[in-house]
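**Q** Sending over a structure as structure tokens; questions will come in a sec.
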Amino acid sequence: MGAAYNSKERDPAPRCLPGTRSEVLDEIETWVKAGSEGKSILWLHAPAGAGKSAIAQTVAETCAGRGELAASFFFARTVATRNALKHLFPTIAAQIALSVPEKRKRLDRILKNDPWIAERALGSVELVASLFKKGSSLVPSSPLLVVIDGLDECQGRDDQRRILAEVACIVNTHHLPLRFLIVSRPEAHLCETFEEPDLVDIVETLSLYGDFQARADVSAYLRSEFSRIYSSKRHRDVMEFVPRPWPSEEVIDGLVDNSGGYFIYASTVIKFIDEESFSPTDRLNQVLNGSNSVVAPSDSAPFAELDKLYLQILSSCPTSKLPMLKAILGYLVFPSAWRIYMSLDMDNIEEDCCLSLGQVKLMLRGLRSLISFEESPGGSRICLHHASFGDFLRDKERSNDYHLDFEKWL
């Protein structure tokens, strides 16, 4: 139950602020309305912290309200019942069965006759398929939606690939009246899997890279949250003496700039400022001053959650390769130190680091959530997605072993 869009375990679940992410949601709505005329899978991908789960949650709630949602599963890397393949399809089958009494009876019969069906290879797919007996009332008149969020948080890359293979089996072999919204980071192995022959023709891709009015949405989110904090009863002893507008337009614009258009920065800042028993104005000043010297019972720091996210992503690099990874990241973080001829073209970096061709891209393979490779007339270039990632790497207190020291890097 904890994996569902409306589970108590996930409450309060992240969701889009009304009026935000409208372009992305409209794109998904168009795909949903296309029904069987459109492709069976929509892959929504974006870097870490772009607000993917909030979009998935909003879509699930909207479709559930219209009776168009078959099931939802929100993976969570640190939750044992929500980070493994073995729970996915049985959970989807249970949610589908519980929505229709006839399907529940059918599932009961299947499990009574074959208690270990979900333990067999492709058994979970058979379990889901068995709930849609052709030529009966068990088949809906139009396809229903299954939302799978955070595919990259399922343990094991092989299991992530297997999930996509089993979804492809549901679509191509069983032809079930289901459509899948799959949400994840654009990890390299997932990009490669979506290009496999059994998937490429049934998948539509929607990327959150680029604008999609993200800056305007982050600005709207910050304004809404600051207004809520200002009026909050738990902060009124402090905020009643703070004149409006708080904060200033200049401060909000600066925070939007720092966010790079990604909600992870904005939401982390808001959570830090809104923490109970602390002055919102003092906390905001700490964020603006880049201070991490907070000593409090909560043992918190302005970017604690964001730092954990960055550290988790960086840990994908083997320890033995850490010095070379830091050398490569230095070109992104200290642009003013480049030699006159240097640019972010990978061949230049490989030459300067005495690496063979392709080594930079291989080294950064696990960091696709934070960086991208763009083709240009001069070759492949590296770009950072998060404006705050460089700040993180330059701050030793935050980045620990991944800290980039300007003098040492030179």
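Here, A, B, ... name the chains of the structure tokens in the order displayed, residue numbers run from 1 inside each chain, and ligands are numbered from 1 in the same displayed order.
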I want to know what sits within 8 Å of Glu23 in chain A, based on only C-alpha atoms, with residues of the same chain fewer than 2 positions away left out; could you give that as a list of chain:residue names?
**A**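 Contacts, with the query itself left out: A:Arg21, A:Leu25, A:Asp26, A:Glu27, A:Phe212, A:Gln213.
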**Q** Using DSSP secondary structure from the backbone, list all strand (DSSP E) positions within range 31-179 of chain A, as an NGL selection string.
**A** :A and (41-45 or 69-74 or 144-149 or 178-179)
**Q** Mind writing the picked residues with N, CA and C atoms as a CSV table (one decimal), in the first residue's frame?
**A**
chain,number,residue,atom,x,y,z
A,41,ILE,N,3.6,3.7,-24.0
A,41,ILE,CA,4.5,4.1,-22.9
A,41,ILE,C,4.9,5.5,-23.1
A,42,LEU,N,4.8,6.3,-22.0
A,42,LEU,CA,5.4,7.7,-22.0
A,42,LEU,C,6.5,7.7,-21.0
A,43,TRP,N,7.7,7.9,-21.5
A,43,TRP,CA,8.9,8.0,-20.5
A,43,TRP,C,9.1,9.5,-20.3
A,44,LEU,N,8.9,9.9,-19.0
A,44,LEU,CA,9.2,11.3,-18.6
A,44,LEU,C,10.5,11.2,-17.9
A,45,HIS,N,11.5,11.9,-18.4
A,45,HIS,CA,12.8,11.9,-17.7
A,45,HIS,C,13.3,13.3,-17.5
A,69,LEU,N,-7.2,5.7,-13.7
A,69,LEU,CA,-6.0,5.2,-13.1
A,69,LEU,C,-6.1,3.7,-12.8
A,70,ALA,N,-5.3,2.8,-13.3
A,70,ALA,CA,-5.3,1.4,-13.0
A,70,ALA,C,-4.5,1.2,-11.7
A,71,ALA,N,-3.3,1.8,-11.6
A,71,ALA,CA,-2.4,1.5,-10.5
A,71,ALA,C,-1.3,2.5,-10.5
A,72,SER,N,-0.6,2.6,-9.4
A,72,SER,CA,0.6,3.5,-9.3
A,72,SER,C,1.6,2.9,-8.4
A,73,PHE,N,2.8,3.1,-8.7
A,73,PHE,CA,3.9,2.6,-7.8
A,73,PHE,C,5.0,3.6,-7.8
A,74,PHE,N,5.3,4.2,-6.6
A,74,PHE,CA,6.3,5.2,-6.4
A,74,PHE,C,7.5,4.5,-5.7
A,144,LEU,N,-6.4,2.0,-19.4
A,144,LEU,CA,-6.2,2.6,-18.1
A,144,LEU,C,-4.7,2.9,-17.9
A,145,LEU,N,-4.4,3.8,-17.0
A,145,LEU,CA,-3.1,4.3,-16.8
A,145,LEU,C,-2.4,3.6,-15.6
A,146,VAL,N,-1.1,3.2,-15.8
A,146,VAL,CA,-0.3,2.8,-14.7
A,146,VAL,C,0.9,3.8,-14.6
A,147,VAL,N,1.1,4.3,-13.4
A,147,VAL,CA,2.1,5.3,-13.2
A,147,VAL,C,3.2,4.6,-12.4
A,148,ILE,N,4.5,4.6,-12.9
A,148,ILE,CA,5.6,4.0,-12.3
A,148,ILE,C,6.6,5.2,-12.1
A,149,ASP,N,6.8,5.6,-10.9
A,149,ASP,CA,7.7,6.8,-10.6
A,149,ASP,C,9.0,6.3,-10.0
A,178,LEU,N,-3.7,-1.3,-21.0
A,178,LEU,CA,-3.0,-0.5,-20.0
A,178,LEU,C,-2.0,0.4,-20.8
A,179,ARG,N,-1.8,1.6,-20.2
A,179,ARG,CA,-0.7,2.4,-20.7
A,179,ARG,C,0.1,2.8,-19.5
**Q** Quick one: residues within 9 Å of Asp152 in chain A, only C-alpha atoms counted, chain neighbours fewer than 3 positions away excluded, as an NGL selection string?
**A** :A and (75 or 77 or 149 or 155-157 or 160 or 183-187 or 190)
**Q** With only C-alpha atoms as the atoms that count, which of A:Leu131, A:Leu208, A:Leu88, A:Ile270 lies nearest to Leu164 in chain A?
**A**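 Once distances to Leu164 in chain A are computed over only C-alpha atoms, the minimum belongs to A:Leu88.
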**Q** Check the DSSP output for the backbone and give back, as a PyMOL selection string, the residues of range 185-347 of chain A in helix (DSSP H, G or I).
**A** chain A and resi 188-194+197-200+214-231+233-239+249-259+263-273+280-288+304-314+319-333+335-337+346-347
**Q** What does the distance between CA of Glu166 in chain A and CA of Leu122 in chain A come to in Å, to one decimal place?
**A** 7.2 Å
**Q** Which residues, written as a ChimeraX atom specification, have at least one atom at most 10 Å from Lys308 in chain A, with only C-alpha atoms counted and residues fewer than 6 positions away on the same chain left out?
**A** /A:314,398-399
**Q** Please produce a file of the residues just selected, as a PDB file, in the first residue's frame, where the atoms kept are C-alpha atoms.
**A**
ATOM      1  CA  LEU A 314      28.501  11.027  -6.843  1.00  0.00           C
ATOM      2  CA  ARG A 398      29.247  20.024   2.306  1.00  0.00           C
ATOM      3  CA  SER A 399      31.020  17.842  -0.239  1.00  0.00           C
TER       4      SER A 399
END
**Q** Give me the residues within 9 Å of range 278-291 of chain A as a PyMOL selection string, counting only C-alpha atoms and dropping any in the same chain fewer than 4 places off.
**A** chain A and resi 229-230+235+238-239+242+246-247+251+254-255+269-270+272-274+301-303
**Q** Of the residues A:Ala50, A:Leu17, A:Leu127, A:Ala3, which is the one nearest to His87 in chain A, using only C-alpha atoms?
**A** A:Ala3
**Q** Have a look at A:Lys326, A:Arg15, A:Lys8, A:Lys396 and name the one nearest to Ala56 in chain A; count only C-alpha atoms.
**A**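 Smallest separation from Ala56 in chain A among the options: A:Arg15.
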**Q** So, with only C-alpha atoms as the atoms that count, which of A:Ala327, A:Ala266, A:Val24, A:Leu404 lies closest to Leu206 in chain A?
**A**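 Ranked by minimum distance to Leu206 in chain A, first place goes to A:Val24.
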**Q** When you look at Glu196 in chain A with a cut-off of 10 Å (counting only C-alpha atoms), what residues show up, excluding the ones that are within fewer than 5 positions of it in the same chain? I need them as a compact mmCIF listing (two decimals) with N, CA and C atoms, in the first residue's frame.
**A**
# COMPACT_ATOMS: atom_id res chain seq x y z
N ALA A 165 11.52 -4.52 -19.68
CA ALA A 165 11.26 -5.67 -20.54
C ALA A 165 9.89 -6.27 -20.24
N CYS A 191 18.54 4.89 -20.84
CA CYS A 191 18.48 5.45 -22.20
C CYS A 191 18.75 4.35 -23.23
N ASP A 201 9.55 1.38 -30.51
CA ASP A 201 8.38 1.74 -31.30
C ASP A 201 7.12 1.98 -30.47
**Q** For Leu309 in chain A, which of A:His175, A:Arg244, A:Lys105, A:His386 is the closest residue, counting only C-alpha atoms?
**A** A:His386
**Q** One number please: CA of Arg82 in chain A to CA of Ala4 in chain A, in Å, one decimal.
**A**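 Spanning CA of Arg82 in chain A to CA of Ala4 in chain A is a straight-line distance of 9.9 Å.
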**Q** Can you tell me which residues surround Ala129 in chain A at a distance of at most 10 Å, considering only C-alpha atoms, apart from same-chain residues fewer than 6 positions away, and format the answer as number ranges by chain?
**A** A: 93, 123, 170, 173-177
**Q** Include N, CA and C atoms and write out the residues we just selected as a JSON list (two decimals), in the first residue's frame.
**A**
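Below you can see again25.json, which holds the result:
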[["chain", "number", "residue", "atom", "x", "y", "z"],
["A", 93, "ALA", "N", -1.03, -5.57, -9.72],
["A", 93, "ALA", "CA", -2.13, -6.51, -9.85],
["A", 93, "ALA", "C", -3.15, -6.33, -8.73],
["A", 123, "GLY", "N", 6.17, -14.48, -14.14],
["A", 123, "GLY", "CA", 4.93, -14.84, -13.44],
["A", 123, "GLY", "C", 4.11, -13.62, -13.04],
["A", 170, "ILE", "N", 3.97, -6.88, -21.52],
["A", 170, "ILE", "CA", 2.55, -6.58, -21.28],
["A", 170, "ILE", "C", 1.93, -5.91, -22.50],
["A", 173, "THR", "N", 3.07, -8.52, -26.10],
["A", 173, "THR", "CA", 2.65, -9.93, -26.12],
["A", 173, "THR", "C", 1.22, -10.10, -25.64],
["A", 174, "HIS", "N", 0.89, -9.45, -24.52],
["A", 174, "HIS", "CA", -0.45, -9.63, -23.93],
["A", 174, "HIS", "C", -1.46, -8.61, -24.42],
["A", 175, "HIS", "N", -0.98, -7.53, -24.98],
["A", 175, "HIS", "CA", -1.87, -6.48, -25.53],
["A", 175, "HIS", "C", -2.95, -6.07, -24.52],
["A", 176, "LEU", "N", -2.51, -5.81, -23.30],
["A", 176, "LEU", "CA", -3.45, -5.43, -22.25],
["A", 176, "LEU", "C", -3.91, -3.99, -22.43],
["A", 177, "PRO", "N", -5.10, -3.67, -21.97],
["A", 177, "PRO", "CA", -5.62, -2.29, -22.08],
["A", 177, "PRO", "C", -5.01, -1.38, -21.02]]
**Q** Give me, please, the distance in Å between CA of Phe89 in chain A and CA of Asp158 in chain A, quoted to one decimal.
**A** 16.1 Å
